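What follows is the content of input_7.cif, which has mmCIF, C-alpha atoms:
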```cif
data_target
loop_
_atom_site.label_atom_id
_atom_site.label_comp_id
_atom_site.auth_asym_id
_atom_site.auth_seq_id
_atom_site.Cartn_x
_atom_site.Cartn_y
_atom_site.Cartn_z
CA MET A 1498 0.00 0.00 0.00
CA LEU A 1499 1.05 3.56 -0.68
CA ASP A 1500 0.86 6.27 1.97
CA LEU A 1501 1.18 9.95 1.18
CA VAL A 1502 2.62 11.81 4.15
CA ILE A 1503 2.49 15.60 4.41
CA PRO A 1504 4.63 16.90 7.29
CA ASP A 1505 4.62 20.64 6.47
CA SER A 1506 1.99 23.05 5.24
CA GLY A 1507 3.89 24.11 2.10
CA PRO A 1508 2.38 21.63 -0.41
CA LEU A 1509 -1.20 22.26 0.70
CA ILE A 1510 -0.76 26.04 0.70
CA THR A 1511 0.90 25.93 -2.70
CA LEU A 1512 -1.66 23.65 -4.35
CA GLY A 1513 -4.54 25.30 -2.48
CA SER A 1514 -3.52 28.69 -3.84
CA VAL A 1515 -4.54 27.51 -7.33
CA ASN A 1516 -7.39 25.30 -6.09
CA ARG A 1517 -5.61 22.13 -7.24
CA LEU A 1518 -5.73 20.05 -4.08
CA ASP A 1519 -7.65 17.58 -6.24
CA LEU A 1520 -4.27 16.48 -7.64
CA ILE A 1521 -3.49 14.80 -4.33
CA ASP A 1522 -6.69 12.78 -4.66
CA ARG A 1523 -5.78 11.10 -7.92
CA PHE A 1524 -4.13 8.17 -6.16
CA ARG A 1525 -5.25 5.15 -4.16
CA CYS A 1526 -3.44 5.91 -0.94
CA GLY A 1527 -3.89 7.03 2.60
CA ILE A 1528 -3.06 10.67 3.29
CA LEU A 1529 -1.45 11.55 6.60
CA ILE A 1530 -0.95 15.13 7.68
CA ALA A 1531 0.54 16.60 10.85
CA ASP A 1532 -1.91 18.41 13.12
CA MET A 1533 0.24 21.54 12.88
CA VAL A 1534 -0.31 21.59 9.12
CA GLY A 1535 -4.03 21.97 9.68
CA TYR A 1536 -3.52 24.77 12.18
CA GLU A 1537 -1.24 26.66 9.80
CA ILE A 1538 -3.62 26.40 6.87
CA GLU A 1539 -6.67 27.33 8.90
CA ARG A 1540 -4.86 30.45 10.09
CA GLY A 1541 -5.63 32.58 7.04
CA PRO A 1542 -8.59 34.96 6.89
CA ASP A 1543 -11.97 33.34 6.24
CA THR A 1544 -12.17 35.12 2.87
CA ALA A 1545 -8.90 33.58 1.64
CA PRO A 1546 -9.53 31.27 -1.34
CA ASP A 1547 -6.77 28.88 -0.32
CA LYS A 1548 -8.35 28.45 3.11
CA ALA A 1549 -11.74 27.71 1.53
CA ALA A 1550 -10.13 25.25 -0.89
CA PHE A 1551 -8.40 23.45 1.96
CA SER A 1552 -11.54 23.28 4.13
CA LYS A 1553 -13.53 21.84 1.22
CA TRP A 1554 -10.81 19.33 0.39
CA PHE A 1555 -10.28 18.29 4.01
CA LYS A 1556 -14.00 17.73 4.68
CA GLY A 1557 -14.58 15.95 1.39
CA ARG A 1558 -11.88 13.33 1.81
CA GLY A 1559 -13.58 11.44 4.63
CA ASN A 1560 -11.34 8.89 6.25
CA ARG A 1561 -8.74 9.04 3.48
CA VAL A 1562 -7.10 11.95 5.28
CA GLN A 1563 -5.85 11.26 8.77
CA THR A 1564 -4.51 13.93 11.04
CA VAL A 1565 -1.65 12.76 13.22
CA ASP A 1566 -1.70 14.47 16.61
CA THR A 1567 1.55 15.65 18.16
CA THR A 1568 2.27 16.88 21.66
CA TYR A 1569 3.38 20.21 20.26
CA GLY A 1570 0.22 20.48 18.16
CA SER A 1571 -2.02 19.61 21.11
CA MET A 1572 -0.45 22.37 23.19
CA TRP A 1573 -0.56 24.76 20.22
CA SER A 1574 -4.30 24.25 19.81
CA LYS A 1575 -4.88 25.55 23.34
CA LEU A 1576 -3.03 28.81 22.79
CA SER A 1577 -4.53 32.13 21.81
CA GLU A 1578 -3.57 33.63 18.46
CA GLU A 1579 -1.48 36.26 20.28
CA ASP A 1580 0.41 33.61 22.25
CA ARG A 1581 1.06 31.68 19.04
CA LYS A 1582 2.48 34.77 17.37
CA ALA A 1583 4.69 35.50 20.36
CA ILE A 1584 6.07 31.95 20.42
CA LYS A 1585 6.72 31.92 16.68
CA ARG A 1586 8.59 35.19 16.88
CA GLN A 1587 10.68 34.04 19.82
CA ASN A 1588 11.45 30.69 18.23
CA PRO A 1589 10.79 30.46 14.48
CA HIS A 1590 12.18 26.91 14.43
CA ALA A 1591 9.61 25.63 16.92
CA GLY A 1592 7.53 24.13 14.11
CA GLU A 1593 10.39 21.77 13.28
CA LEU A 1594 9.88 20.11 16.65
CA ALA A 1595 6.34 19.22 15.63
CA ILE A 1596 7.57 17.86 12.29
CA ARG A 1597 10.18 15.79 14.12
CA GLU A 1598 7.57 14.29 16.43
CA PHE A 1599 5.30 13.64 13.45
CA THR A 1600 8.22 11.93 11.72
CA ASP A 1601 8.75 9.65 14.71
CA ARG A 1602 5.06 8.71 14.73
CA ILE A 1603 5.14 7.88 11.04
CA ARG A 1604 8.24 5.74 11.42
CA GLU A 1605 6.69 3.82 14.30
CA THR A 1606 3.18 3.30 12.91
CA ILE A 1607 3.33 2.73 9.16
CA PRO A 1608 3.68 -0.97 8.31
CA ALA A 1609 7.12 -1.93 7.00
CA GLU A 1610 5.63 -3.29 3.78
CA ASP A 1611 4.02 0.05 2.88
CA GLN A 1612 5.63 2.48 0.47
CA VAL A 1613 5.66 6.06 1.67
CA LEU A 1614 5.86 9.28 -0.28
CA VAL A 1615 6.63 12.37 1.79
CA LEU A 1616 5.22 15.42 0.03
CA PHE A 1617 7.11 18.40 1.39
CA GLU A 1618 8.51 21.87 0.86
CA GLU A 1619 10.21 22.58 4.20
CA ASP A 1620 13.92 21.98 3.73
CA ALA A 1621 14.31 20.66 7.28
CA VAL A 1622 12.25 17.62 6.27
CA LYS A 1623 15.17 16.35 4.21
CA GLY A 1624 17.22 15.82 7.35
CA MET A 1625 14.58 13.78 9.17
CA ASN A 1626 14.39 10.03 9.41
CA PHE A 1627 11.02 8.70 8.29
CA GLY A 1628 12.26 5.13 8.15
CA ASP A 1629 12.64 2.62 5.34
CA HIS A 1630 10.61 2.58 2.11
CA VAL A 1631 10.26 6.34 2.25
CA HIS A 1632 10.78 8.67 -0.70
CA LEU A 1633 10.81 12.43 -0.41
CA LEU A 1634 8.85 14.34 -3.02
CA HIS A 1635 8.98 18.11 -3.27
CA THR A 1636 5.79 19.76 -4.59
CA TYR A 1637 7.58 20.67 -7.83
CA ALA A 1638 8.76 17.08 -8.31
CA PHE A 1639 5.18 15.95 -7.60
CA LEU A 1640 3.92 18.21 -10.40
CA LEU A 1641 6.57 16.90 -12.78
CA THR A 1642 5.54 13.35 -11.94
CA LEU A 1643 1.92 14.23 -12.65
CA GLU A 1644 2.96 15.69 -15.99
CA ASN A 1645 4.83 12.49 -16.76
CA LEU A 1646 1.71 10.48 -15.91
CA LYS A 1647 -0.34 12.83 -18.12
CA VAL A 1648 -2.53 13.80 -15.17
CA ILE A 1649 -1.71 17.44 -15.96
CA PRO A 1650 -0.54 18.85 -19.29
CA SER A 1651 2.25 20.99 -17.85
CA ALA A 1652 3.93 21.29 -14.44
CA GLN A 1653 5.38 24.66 -15.39
CA ALA A 1654 1.92 26.03 -16.24
CA ILE A 1655 0.77 25.24 -12.70
CA VAL A 1656 3.94 26.75 -11.24
CA ASP A 1657 3.19 29.92 -13.20
CA GLN A 1658 -0.39 29.90 -11.88
CA ILE A 1659 0.91 29.50 -8.33
CA HIS A 1660 3.30 32.39 -8.80
CA ASN A 1661 0.49 34.64 -9.99
CA ALA A 1662 -2.17 33.34 -7.62
CA GLY A 1663 -0.23 34.20 -4.47
CA ARG A 1664 -0.48 37.84 -5.38
CA ASN A 1665 -4.26 37.65 -5.48
CA LEU A 1666 -4.89 35.76 -2.27
CA ALA A 1667 -6.62 37.65 0.49
CA ARG A 1668 -4.16 39.23 2.81
CA ASP A 1669 -4.22 39.56 6.54
CA THR A 1670 -0.74 40.57 7.62
CA PHE A 1671 -0.02 42.58 4.54
CA GLU A 1672 -3.20 44.60 4.60
CA ARG A 1673 -1.99 46.11 7.82
CA ARG A 1674 -0.34 49.46 7.47
CA ALA A 1675 2.14 50.17 10.20
CA ARG A 1676 3.18 53.59 11.34
CA VAL A 1677 6.79 54.49 10.74
CA PRO A 1678 8.64 56.88 13.08
CA SER A 1679 7.63 59.85 10.92
CA GLY A 1680 3.97 59.02 11.55
CA ASP A 1681 3.26 58.07 7.95
CA ALA A 1682 1.70 54.76 6.99
CA ALA A 1683 4.26 52.22 5.81
CA ASP A 1684 3.90 49.39 3.36
CA TRP A 1685 4.52 45.82 4.55
CA GLN A 1686 8.14 45.82 3.44
CA SER A 1687 9.06 48.74 5.65
CA ASP A 1688 6.85 47.27 8.39
CA TYR A 1689 9.02 44.17 8.38
CA ASP A 1690 12.30 45.79 7.47
CA THR A 1691 14.75 44.54 10.06
CA SER A 1692 17.74 46.42 8.69
CA GLU A 1693 19.60 48.84 10.92
CA GLU A 1694 18.53 51.76 8.73
CA ALA A 1695 14.87 50.94 9.18
CA ARG A 1696 15.21 50.49 12.92
CA SER A 1697 16.94 53.79 13.38
CA GLY A 1698 14.38 55.70 11.31
CA PRO A 1699 14.72 57.73 8.13
CA PRO A 1700 18.04 59.45 7.37
CA VAL A 1701 18.21 63.02 8.61
CA MET B 724 19.35 42.44 5.67
CA SER B 725 16.41 44.12 3.97
CA PRO B 726 13.18 42.15 3.36
CA HIS B 727 14.18 41.88 -0.29
CA ASP B 728 17.54 40.33 0.68
CA ILE B 729 15.83 37.88 3.03
CA LEU B 730 13.28 36.81 0.42
CA THR B 731 16.02 36.49 -2.20
CA ALA B 732 18.11 34.34 0.13
CA TYR B 733 15.10 32.13 0.83
CA SER B 734 14.29 31.87 -2.87
CA LYS B 735 17.85 30.68 -3.55
CA GLY B 736 17.69 28.14 -0.72
CA GLN B 737 20.37 29.96 1.26
CA ILE B 738 18.19 30.23 4.35
CA SER B 739 15.34 28.06 5.61
CA SER B 740 11.70 29.08 5.70
CA ALA B 741 11.94 29.24 9.50
CA ASP B 742 14.88 31.64 9.20
CA ALA B 743 13.02 33.80 6.69
CA ILE B 744 9.86 33.81 8.81
CA GLY B 745 11.87 34.75 11.90
CA ARG B 746 13.89 37.48 10.23
CA LEU B 747 10.81 39.04 8.63
CA ARG B 748 8.87 38.62 11.87
CA LEU B 749 6.04 36.88 10.05
CA ASP B 750 3.51 34.57 11.67
CA GLY B 751 3.97 31.46 9.57
CA TYR B 752 4.63 29.83 6.23
CA ARG B 753 1.43 31.16 4.66
CA ASP B 754 2.62 34.73 5.20
CA LEU B 755 6.01 33.84 3.74
CA PHE B 756 4.33 32.33 0.68
CA LEU B 757 2.35 35.55 0.22
CA ALA B 758 5.43 37.72 0.73
CA MET B 759 7.37 35.72 -1.85
CA THR B 760 4.72 35.83 -4.53
CA ASP B 761 3.79 39.42 -3.69
CA ALA B 762 7.40 40.50 -4.25
CA GLY B 763 7.73 38.44 -7.43
CA HIS B 764 10.19 35.91 -6.02
CA LEU B 765 10.20 32.31 -7.15
CA LEU B 766 9.57 29.74 -4.46
CA PRO B 767 12.67 27.70 -3.64
CA ARG B 768 13.05 24.19 -4.95
CA PRO B 769 15.71 21.48 -4.73
CA ALA B 770 18.46 21.21 -7.32
CA ASP B 771 17.51 19.73 -10.69
CA THR B 772 19.40 16.49 -10.04
CA GLU B 773 17.58 16.05 -6.75
CA ILE B 774 14.23 16.77 -8.40
CA ASP B 775 15.02 14.21 -11.14
CA GLN B 776 15.84 11.57 -8.52
CA GLN B 777 12.61 12.28 -6.66
CA VAL B 778 10.56 11.99 -9.85
CA MET B 779 12.26 8.71 -10.79
CA ALA B 780 11.51 7.23 -7.37
CA ALA B 781 7.92 8.47 -7.20
CA LEU B 782 6.89 7.67 -10.76
CA PRO B 783 6.37 3.89 -10.44
CA LEU B 784 4.62 4.28 -7.08
CA LEU B 785 2.19 6.92 -8.30
CA ARG B 786 1.63 5.14 -11.62
CA GLU B 787 0.61 2.03 -9.71
CA ALA B 788 -1.75 4.01 -7.46
CA LEU B 789 -3.18 6.31 -10.13
CA ILE B 790 -6.96 6.46 -10.30
CA GLU B 791 -7.91 6.82 -13.94
CA GLU B 792 -10.50 9.40 -14.98
CA GLY B 793 -14.00 8.05 -14.32
CA GLU B 794 -12.70 5.25 -12.10
CA ASN B 795 -13.91 5.06 -8.51
CA ALA B 796 -11.28 5.31 -5.81
#
```
Show me the file's structure as structure tokens.
Amino acid sequence: MLDLVIPDSGPLITLGSVNRLDLIDRFRCGILIADMVGYEIERGPDTAPDKAAFSKWFKGRGNRVQTVDTTYGSMWSKLSEEDRKAIKRQNPHAGELAIREFTDRIRETIPAEDQVLVLFEEDAVKGMNFGDHVHLLHTYAFLLTLENLKVIPSAQAIVDQIHNAGRNLARDTFERRARVPSGDAADWQSDYDTSEEARSGPPV
Amino acid sequence: MSPHDILTAYSKGQISSADAIGRLRLDGYRDLFLAMTDAGHLLPRPADTEIDQQVMAALPLLREALIEEGENA
């Protein structure tokens, strides 16, 4: 049996941005996702098309999609949005702990005779041990494989759609207009500019 | 580093998504995805040789499991 394992939110966000989560459904296989993946994808504004696409896909898959709970994810679910933001900003690598625990669960629970494809985008996944019979598959490699199987006419066409679609997705963070030291509204780039120049204000 | 430098470094695979999210003080991967596409950066991907190896390994598995059009799962 084939199992499709999704340890980070990247593939679902990427494919959801162009409403092509259906591509994951073209195979007879179980789909296992980490609980943190669900939390990350559900975090967008309710009006975001990728969030709607994910919710529809997740609900429509019945028992084909299994969420694997992690200790980190269980604790995360109890936190307020503000606490989550604070933790992420203090420790941006915290999510890797959840992926590592998810990896351990996968290695311990999937039967040895199963073949496993790990659909990923997070680079840290490459350094994790999922066990034997496991093949890593980046989203782009997944699209190329689908092109090879003639499931889609062109992987590059979907990559181009993804590139354009991200610009049109509903924003939350980037709709915010911060105030710079001069009192003027800033765009998101200056809001998040961590350079020394930005921190010290405009040149006099 | 400016946001542009950080996004460029992430696009080239020089820093991880966690690093980029931390340095830009974003709240998660979704925001990074939006920042990348908003600024016109390509999303990072493994080297071509690595991609080719992944495709070669996945192809027989996915071919075997493929549900043909009109076929029930």
_Give me, as a list in words, the residues of chain B touching chain A, with the criterion being at most 6 Å (counting only C-alpha atoms)._
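Here is what falls inside 6 Å: Met724, Ser725, Pro726, Ala741, Gly745, Leu747, Asp750, Leu757, Thr760, Asp761, Ile774, Gln777, Val778, Leu782, Ala788, Leu789 and Ile790 of chain B.
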_Atom-to-atom span, CA of Arg746 in chain B and CA of Ile729 in chain B, Å_ = 7.5 Å
Grab all the atoms of range 771-784 of chain B that the file lists, wrap them in a box along x, y and z, add 6 Å per side, and give me centre plus edge lengths in Å (one decimal) as lines of an AutoDock Vina configuration file.
```
center_x = 12.0
center_y = 11.8
center_z = -8.9
size_x = 26.8
size_y = 27.8
size_z = 16.5
```
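For the pair CA of Asp775 in chain B and CA of Glu1644 in chain A, the separation is 13.1 Å.
Take CA of Arg1602 in chain A and CA of Leu1520 in chain A: the distance between them is 25.5 Å.
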*Point (12.4, 26.0, -3.6) neighbourhood (8 Å, all atoms listed in the file) written as an MDAnalysis selection string*: (chainID A and resid 1618) or (chainID B and resid 734:736 765:769)
_Please enumerate the residues selected by the PyMOL selection byres ((chain A and resi 1513) around 9) when evaluated against the supplied file, formatted as a ChimeraX atom specification._
/A:1508-1512,1514-1518,1546-1551
Suppose we keep C-alpha atoms; can you now write the selection as a PDB file, in the coordinates of the input?
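again-v9.pdb was written with the following content:
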```pdb
ATOM      1  CA  PRO A1508       2.380  21.630  -0.410  1.00  0.00           C
ATOM      2  CA  LEU A1509      -1.200  22.260   0.700  1.00  0.00           C
ATOM      3  CA  ILE A1510      -0.760  26.040   0.700  1.00  0.00           C
ATOM      4  CA  THR A1511       0.900  25.930  -2.700  1.00  0.00           C
ATOM      5  CA  LEU A1512      -1.660  23.650  -4.350  1.00  0.00           C
ATOM      6  CA  SER A1514      -3.520  28.690  -3.840  1.00  0.00           C
ATOM      7  CA  VAL A1515      -4.540  27.510  -7.330  1.00  0.00           C
ATOM      8  CA  ASN A1516      -7.390  25.300  -6.090  1.00  0.00           C
ATOM      9  CA  ARG A1517      -5.610  22.130  -7.240  1.00  0.00           C
ATOM     10  CA  LEU A1518      -5.730  20.050  -4.080  1.00  0.00           C
ATOM     11  CA  PRO A1546      -9.530  31.270  -1.340  1.00  0.00           C
ATOM     12  CA  ASP A1547      -6.770  28.880  -0.320  1.00  0.00           C
ATOM     13  CA  LYS A1548      -8.350  28.450   3.110  1.00  0.00           C
ATOM     14  CA  ALA A1549     -11.740  27.710   1.530  1.00  0.00           C
ATOM     15  CA  ALA A1550     -10.130  25.250  -0.890  1.00  0.00           C
ATOM     16  CA  PHE A1551      -8.400  23.450   1.960  1.00  0.00           C
TER      17      PHE A1551
END
```
*Give the answer as one residue: which of A:Ala1545, A:Ile1596, A:Leu1501, A:Ile1607 has the shortest atom-to-atom distance to Arg1561 in chain A, using all atoms listed in the file?*
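Ranked by minimum distance to Arg1561 in chain A, first place goes to A:Leu1501.
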*Looking at only C-alpha atoms, which of B:Ile744, B:Leu730, B:Pro783, B:Tyr752 is the one that sits closest to Met1533 in chain A?*
B:Tyr752
